[in-house]
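**Student:** final.tsv is reproduced in full below (TSV, C-alpha atoms).
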```
chain	number	residue	atom	x	y	z
A	1	MET	CA	72.99	-101.93	273.54
A	2	GLU	CA	72.77	-101.84	269.76
A	3	PHE	CA	69.14	-100.91	269.89
A	4	SER	CA	69.91	-97.94	272.11
A	5	ILE	CA	72.61	-96.74	269.70
A	6	ILE	CA	70.16	-96.95	266.82
A	7	GLU	CA	67.56	-95.12	268.89
A	8	TRP	CA	70.13	-92.45	269.73
A	9	LEU	CA	71.02	-92.06	266.07
A	10	SER	CA	67.40	-91.83	264.99
A	11	ASP	CA	66.77	-88.67	267.02
A	12	PRO	CA	69.30	-86.12	265.85
A	13	GLY	CA	70.00	-83.27	268.21
A	14	LEU	CA	72.71	-80.77	268.94
A	15	THR	CA	75.27	-83.40	269.94
A	16	HIS	CA	75.16	-85.19	266.61
A	17	PHE	CA	76.07	-82.05	264.69
A	18	LEU	CA	78.81	-81.26	267.18
A	19	ILE	CA	80.28	-84.75	266.74
A	20	VAL	CA	80.25	-84.40	262.95
A	21	SER	CA	82.06	-81.10	263.28
A	22	ALA	CA	84.61	-82.64	265.67
A	23	ILE	CA	85.34	-85.40	263.15
A	24	LEU	CA	85.70	-82.84	260.35
A	25	PHE	CA	88.03	-80.77	262.51
A	26	SER	CA	90.30	-83.70	263.34
A	27	LEU	CA	90.46	-84.77	259.68
A	28	GLY	CA	91.39	-81.23	258.68
A	29	LEU	CA	94.06	-81.17	261.38
A	30	MET	CA	95.36	-84.48	260.05
A	31	ALA	CA	95.57	-83.03	256.53
A	32	VAL	CA	97.35	-79.90	257.74
A	33	LEU	CA	99.87	-81.84	259.80
A	34	SER	CA	100.67	-84.79	257.58
A	35	LYS	CA	100.61	-83.44	254.02
A	36	ARG	CA	103.50	-81.59	252.47
A	37	ASN	CA	101.65	-80.25	249.45
A	38	VAL	CA	100.57	-76.63	249.99
A	39	ILE	CA	97.23	-77.19	248.27
A	40	MET	CA	96.45	-80.18	250.49
A	41	VAL	CA	97.20	-78.00	253.52
A	42	LEU	CA	94.79	-75.37	252.15
A	43	MET	CA	92.10	-78.01	251.76
A	44	GLY	CA	92.64	-79.01	255.38
A	45	VAL	CA	92.17	-75.40	256.44
A	46	GLU	CA	88.91	-75.31	254.49
A	47	LEU	CA	87.75	-78.43	256.34
A	48	ILE	CA	88.54	-76.80	259.69
A	49	LEU	CA	86.62	-73.65	258.74
A	50	ASN	CA	83.65	-75.78	257.69
A	51	SER	CA	83.62	-77.63	261.00
A	52	ALA	CA	83.60	-74.34	262.90
A	53	ASN	CA	80.73	-73.19	260.71
A	54	ILE	CA	78.69	-76.32	261.46
A	55	ASN	CA	79.21	-75.62	265.15
A	56	LEU	CA	78.03	-72.02	264.86
A	57	ILE	CA	74.92	-72.87	262.88
A	58	ALA	CA	74.01	-75.84	265.09
A	59	PHE	CA	74.19	-73.62	268.16
A	60	SER	CA	72.12	-70.98	266.43
A	61	ARG	CA	69.48	-73.61	265.68
A	62	PHE	CA	69.32	-75.33	269.05
A	63	THR	CA	69.75	-72.44	271.46
A	64	GLU	CA	68.25	-69.04	272.04
A	65	LEU	CA	70.80	-67.28	269.83
A	66	SER	CA	68.42	-67.28	266.85
A	67	LEU	CA	70.02	-65.89	263.70
A	68	ASP	CA	73.20	-64.39	265.15
A	69	GLY	CA	75.07	-67.66	264.68
A	70	GLN	CA	74.03	-67.87	261.04
A	71	MET	CA	75.24	-64.31	260.53
A	72	ILE	CA	78.68	-65.15	261.92
A	73	GLY	CA	78.72	-68.26	259.73
A	74	LEU	CA	78.06	-66.06	256.72
A	75	PHE	CA	81.05	-63.88	257.59
A	76	VAL	CA	83.18	-67.00	258.06
A	77	ILE	CA	82.29	-68.09	254.51
A	78	ILE	CA	83.18	-64.63	253.16
A	79	ILE	CA	86.55	-64.62	254.90
A	80	ALA	CA	87.24	-68.18	253.72
A	81	ALA	CA	86.66	-67.07	250.13
A	82	ALA	CA	89.08	-64.15	250.49
A	83	GLU	CA	91.64	-66.39	252.18
A	84	ALA	CA	91.46	-69.01	249.45
A	85	ALA	CA	91.94	-66.44	246.67
A	86	VAL	CA	94.96	-64.81	248.29
A	87	ALA	CA	96.46	-68.15	249.33
A	88	LEU	CA	96.21	-69.56	245.82
A	89	ALA	CA	97.90	-66.45	244.42
A	90	ILE	CA	100.71	-66.86	246.95
A	91	VAL	CA	101.03	-70.55	246.05
A	92	LEU	CA	101.34	-69.67	242.36
A	93	ASN	CA	104.06	-67.14	243.18
A	94	ILE	CA	105.90	-69.71	245.29
A	95	TYR	CA	105.70	-72.23	242.47
A	96	ASN	CA	107.01	-69.66	240.02
A	97	ARG	CA	110.00	-68.90	242.23
A	98	PHE	CA	110.91	-72.27	243.73
A	99	LYS	CA	109.48	-74.62	241.07
A	100	THR	CA	108.03	-76.73	243.85
A	101	ILE	CA	105.16	-76.56	246.27
A	102	ASN	CA	106.58	-79.05	248.71
A	103	LEU	CA	106.60	-77.36	252.09
A	104	ASP	CA	109.80	-79.08	253.21
A	105	GLU	CA	111.77	-77.71	250.27
A	106	ILE	CA	110.67	-74.09	250.72
A	107	SER	CA	113.13	-73.41	253.51
A	108	LEU	CA	114.78	-70.18	252.42
A	109	LEU	CA	114.08	-68.47	255.74
A	110	LYS	CA	115.51	-71.34	257.76
A	111	GLY	CA	118.57	-70.29	259.71
B	1	MET	CA	89.81	-86.82	251.36
B	2	VAL	CA	92.73	-86.84	253.72
B	3	PHE	CA	93.94	-90.35	253.05
B	4	SER	CA	93.94	-90.29	249.28
B	5	ARG	CA	97.30	-90.23	247.57
B	6	ASN	CA	96.00	-88.49	244.47
B	7	ILE	CA	95.40	-84.78	244.94
B	8	VAL	CA	92.68	-84.62	242.29
B	9	HIS	CA	90.80	-87.36	244.10
B	10	SER	CA	91.22	-85.32	247.26
B	11	ALA	CA	89.74	-82.25	245.59
B	12	PHE	CA	86.71	-84.17	244.38
B	13	ALA	CA	86.24	-85.74	247.81
B	14	LEU	CA	86.38	-82.21	249.22
B	15	MET	CA	83.58	-81.28	246.82
B	16	PHE	CA	81.35	-84.05	248.15
B	17	THR	CA	82.24	-83.07	251.72
B	18	LEU	CA	81.20	-79.48	251.06
B	19	ILE	CA	77.92	-80.59	249.47
B	20	GLY	CA	77.28	-82.73	252.55
B	21	VAL	CA	77.93	-79.76	254.80
B	22	ALA	CA	75.44	-77.75	252.73
B	23	ALA	CA	72.90	-80.53	253.31
B	24	LEU	CA	73.57	-80.26	257.05
B	25	TYR	CA	72.85	-76.53	256.82
B	26	VAL	CA	69.52	-77.30	255.19
B	27	LEU	CA	68.72	-79.69	258.03
B	28	LEU	CA	69.53	-76.86	260.46
B	29	TYR	CA	67.01	-74.49	258.83
B	30	ALA	CA	69.79	-72.34	257.33
B	31	ASP	CA	68.64	-72.26	253.74
B	32	PHE	CA	70.42	-69.04	252.74
B	33	LEU	CA	73.68	-70.30	254.19
B	34	ALA	CA	73.30	-73.61	252.36
B	35	ALA	CA	72.88	-71.76	249.07
B	36	THR	CA	75.86	-69.56	249.89
B	37	GLN	CA	77.93	-72.61	250.77
B	38	LEU	CA	77.11	-74.23	247.45
B	39	LEU	CA	77.84	-71.06	245.46
B	40	VAL	CA	80.99	-69.91	247.24
B	41	TYR	CA	82.65	-73.18	248.21
B	42	VAL	CA	81.64	-75.64	245.52
B	43	GLY	CA	81.42	-73.04	242.76
B	44	GLY	CA	84.32	-70.81	243.75
B	45	ILE	CA	86.90	-72.14	246.15
B	46	LEU	CA	86.94	-75.65	244.74
B	47	ILE	CA	87.45	-74.37	241.19
B	48	LEU	CA	90.28	-72.19	242.51
B	49	ILE	CA	91.86	-75.21	244.20
B	50	LEU	CA	91.57	-77.28	241.02
B	51	PHE	CA	93.22	-74.47	239.05
B	52	GLY	CA	95.98	-74.38	241.65
B	53	VAL	CA	96.47	-78.13	241.28
B	54	MET	CA	96.66	-77.87	237.52
B	55	LEU	CA	99.01	-74.89	237.50
B	56	THR	CA	101.44	-76.32	240.02
B	57	THR	CA	101.89	-79.91	238.91
B	58	GLN	CA	105.59	-80.46	238.41
B	59	GLY	CA	107.04	-81.37	235.07
B	60	HIS	CA	105.22	-83.29	232.41
B	61	SER	CA	104.74	-86.40	234.44
B	62	PHE	CA	100.98	-85.86	234.97
B	63	SER	CA	101.26	-87.63	238.27
B	64	PHE	CA	99.27	-85.95	240.98
B	65	LYS	CA	100.84	-88.04	243.71
B	66	ILE	CA	101.44	-86.52	247.09
B	67	ASN	CA	103.33	-88.04	249.95
B	68	SER	CA	102.55	-87.90	253.62
B	69	VAL	CA	105.04	-87.22	256.36
B	70	ASN	CA	104.77	-87.35	260.13
B	71	LEU	CA	101.98	-89.89	259.78
B	72	ILE	CA	102.17	-91.30	263.28
B	73	PRO	CA	102.38	-88.04	265.28
B	74	ALA	CA	99.74	-86.41	263.10
B	75	SER	CA	97.29	-89.29	263.46
B	76	VAL	CA	97.91	-89.51	267.19
B	77	LEU	CA	97.33	-85.78	267.63
B	78	SER	CA	94.21	-85.64	265.48
B	79	LEU	CA	92.75	-88.78	267.07
B	80	ALA	CA	93.38	-87.28	270.51
B	81	THR	CA	91.68	-84.06	269.40
B	82	ALA	CA	88.69	-85.97	268.05
B	83	VAL	CA	88.30	-88.08	271.19
B	84	LEU	CA	88.68	-85.06	273.46
B	85	LEU	CA	86.17	-82.97	271.50
B	86	ILE	CA	83.61	-85.77	271.25
B	87	PHE	CA	83.98	-86.52	274.95
B	88	ALA	CA	83.49	-82.85	275.79
B	89	PHE	CA	80.48	-82.56	273.49
B	90	THR	CA	78.75	-85.67	274.77
B	91	SER	CA	79.44	-85.15	278.46
B	92	THR	CA	78.18	-81.58	278.59
B	93	GLU	CA	74.59	-80.96	279.54
B	94	TRP	CA	73.48	-78.50	276.85
B	95	THR	CA	70.49	-76.39	277.55
B	96	ILE	CA	68.44	-77.01	274.47
B	97	ALA	CA	65.92	-74.34	273.64
B	98	GLU	CA	62.51	-75.25	272.36
B	99	VAL	CA	63.06	-75.98	268.69
B	100	SER	CA	60.79	-73.86	266.59
B	101	GLU	CA	60.01	-74.32	262.94
B	102	ARG	CA	61.59	-71.57	260.94
B	103	ASP	CA	60.49	-70.35	257.58
B	104	ASP	CA	62.92	-68.81	255.13
B	105	THR	CA	65.70	-66.86	256.79
B	106	VAL	CA	66.57	-64.60	253.87
B	107	TYR	CA	64.36	-61.70	254.94
B	108	GLU	CA	65.54	-61.73	258.54
B	109	LEU	CA	69.20	-62.09	257.51
B	110	GLY	CA	68.86	-59.15	255.16
B	111	MET	CA	67.27	-56.98	257.83
B	112	MET	CA	70.06	-57.91	260.26
B	113	LEU	CA	72.74	-57.21	257.66
B	114	MET	CA	71.32	-53.74	257.07
B	115	GLY	CA	70.72	-53.18	260.78
B	116	ASP	CA	72.93	-54.46	263.57
B	117	TYR	CA	75.59	-55.93	261.31
B	118	ILE	CA	76.09	-53.02	258.93
B	119	LEU	CA	79.66	-52.33	260.06
B	120	PRO	CA	80.96	-55.93	259.70
B	121	PHE	CA	79.12	-56.12	256.38
B	122	ILE	CA	80.95	-53.08	255.01
B	123	ILE	CA	84.25	-54.28	256.44
B	124	ALA	CA	83.74	-57.66	254.75
B	125	GLY	CA	83.09	-55.90	251.47
B	126	VAL	CA	86.28	-53.87	251.77
B	127	LEU	CA	88.18	-57.02	252.75
B	128	LEU	CA	86.94	-58.82	249.64
B	129	LEU	CA	87.97	-55.85	247.49
B	130	ILE	CA	91.45	-55.82	249.02
B	131	ALA	CA	91.77	-59.60	248.59
B	132	ILE	CA	90.76	-59.41	244.93
B	133	ILE	CA	93.20	-56.56	244.25
B	134	GLY	CA	96.01	-58.39	246.06
B	135	ALA	CA	95.39	-61.63	244.18
B	136	ILE	CA	95.30	-59.83	240.84
B	137	VAL	CA	98.51	-57.92	241.59
B	138	MET	CA	100.33	-61.10	242.61
B	139	ALA	CA	99.05	-63.08	239.63
B	140	THR	CA	99.94	-60.39	237.06
B	141	ARG	CA	103.43	-59.99	238.50
B	142	LEU	CA	103.74	-63.75	238.16
B	143	THR	CA	102.93	-63.71	234.45
B	144	ALA	CA	105.14	-60.65	233.83
B	145	THR	CA	108.23	-62.28	235.36
B	146	SER	CA	107.54	-65.59	233.66
B	147	THR	CA	107.29	-63.95	230.25
B	148	GLU	CA	110.45	-61.92	230.81
B	149	GLY	CA	112.39	-64.88	232.07
```
Once more with this new file: its structure as structure tokens, please.
**Tutor:**
Amino acid sequence: MEFSIIEWLSDPGLTHFLIVSAILFSLGLMAVLSKRNVIMVLMGVELILNSANINLIAFSRFTELSLDGQMIGLFVIIIAAAEAAVALAIVLNIYNRFKTINLDEISLLKG
Amino acid sequence: MVFSRNIVHSAFALMFTLIGVAALYVLLYADFLAATQLLVYVGGILILILFGVMLTTQGHSFSFKINSVNLIPASVLSLATAVLLIFAFTSTEWTIAEVSERDDTVYELGMMLMGDYILPFIIAGVLLLIAIIGAIVMATRLTATSTEG
């Protein structure tokens, strides 16, 4: 049994990359759900975007899609950069107004 | 990264995670994307996040502690997601194409960017411009109000 697992690990294919991306996705989901610091939530979103990117590029490597997957991955990176810049500016504004970045205390819109 | 209680430790763990993802891109013959990942994520986004951490630490306590809430539902949900995704990935019969050795992808990516993908390319450029302008406007208004008040 152990030998077969080692053999399976020694021959990386599409599934291995998909499993890595699934683990990254669940960790990012965990960070988004369980942290109450806005910056930690942003880091979780970055993890989720990275896991999606690994998926795209692994499929572009192991299937007939050739470079289209890499192109979409490039656009994902661009959009992640724009999102991070705008989100950090919003976080700074929130901190300036509320003097906290705890998500549970920013409840002005709560009815 | 997720389980650390110190947010600076989390940021540095995120840096190593991103470098590892770049290494995975190299293993997948995506050299240009690996370089882009290193430049944009490790060189840009991570620095932005560290600046955000430094600018939003409360008081003079210098404690970067963060607390977790909803630990049990969040871990149950993420574990369920991980198990479901891994089960789906391993139980599917993927049709694997014949893996071919690929030389550098920069030339082909550039030709595609100037060919089929010219419209998304221009839209991405405009999006980046709008994002930069928006971030600058928000940040300058922030400093203006803080100096007045």
**Student:** Between atom CA of Ile72 of chain A and atom CA of Thr36 of chain B, what is the spacing in Å?
**Tutor:**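 It comes out at 13.1 Å.
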**Student:** Take atom CA of Leu38 of chain B and atom CA of Asp104 of chain B and report the distance between them in Å, one decimal.
**Tutor:**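 That distance, rounded to one decimal, is 17.0 Å.
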**Student:** Determine, counting only C-alpha atoms, which protein, DNA and RNA residues have an atom within 10 Å of an atom of Leu88 of chain A; residues of the same chain fewer than 3 positions away are not included. Present the result as a list of chain:residue names.
**Tutor:**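 So the residues in contact are A:Val38, A:Ile39, A:Leu42, A:Glu83, A:Ala84, A:Ala85, A:Val91, A:Leu92, A:Asn93, A:Ile94, B:Ile45, B:Leu48, B:Ile49, B:Phe51, B:Gly52, B:Val53, B:Ala135, B:Met138, B:Ala139.
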**Student:** For Ile78 of chain A, which residue among B:Ser4, B:Gln37, B:Ser10, B:Ser75 is the nearest when counting all atoms listed in the file?
**Tutor:**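 Checking each of B:Ser4, B:Gln37, B:Ser10, B:Ser75 against Ile78 of chain A, counting all atoms listed in the file, the winner is B:Gln37.
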**Student:** Hey, what's within 7 Å of segment 18-30 of chain A if we count all atoms listed in the file and toss same-chain stuff fewer than 3 positions away? As a ChimeraX atom specification, please?
**Tutor:** /A:14-15,33-34,44-45,47-48,51-52,54-55 /B:2,74-75,78-79,81-82,85-86,89
**Student:** Just the number, please: distance in Å from atom CA of Leu67 of chain A to atom CA of Leu24 of chain B, one decimal.
**Tutor:** 16.2 Å
**Student:** Determine the nearest neighbour of chain A from the options B:Phe12, B:Ala88, B:Ala22, B:Ser68, counting all atoms listed in the file.
**Tutor:**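 The closest residue to chain A is B:Ser68.
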**Student:** Fewer than 2 positions away in the same chain doesn't count, so skip those; otherwise give me all residues within 12 Å of Thr105 of chain B, counting only C-alpha atoms, as number ranges by chain.
**Tutor:** A: 61, 66-68, 70-71; B: 26, 28-35, 101-103, 107-113
**Student:** Of the candidates A:Ala31, A:Ile90, A:Ala82, A:Ile57, which one gets nearest to Met1 of chain B if we count all atoms listed in the file?
**Tutor:** A:Ala31
**Student:** In terms of the shortest atom-to-atom distance over only C-alpha atoms, which of A:Ile5, A:Leu103, A:Leu74, A:Val41 is closest to chain B?
**Tutor:**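 Of A:Ile5, A:Leu103, A:Leu74, A:Val41, the one nearest chain B is A:Leu74, counting only C-alpha atoms.
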**Student:** With only C-alpha atoms as the atoms that count, which of A:Ile6, A:Leu108, A:Leu49, A:Met40 lies nearest to chain B?
**Tutor:**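 Checking each candidate against chain B, we get A:Met40 as the closest.
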**Student:** Taking all atoms listed in the file into account, name the residue in B:Phe87, B:Leu129, B:Asn70, B:Ile123 that is nearest to chain A.
**Tutor:**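 Answer, going by the shortest atom-to-atom distance: B:Asn70.
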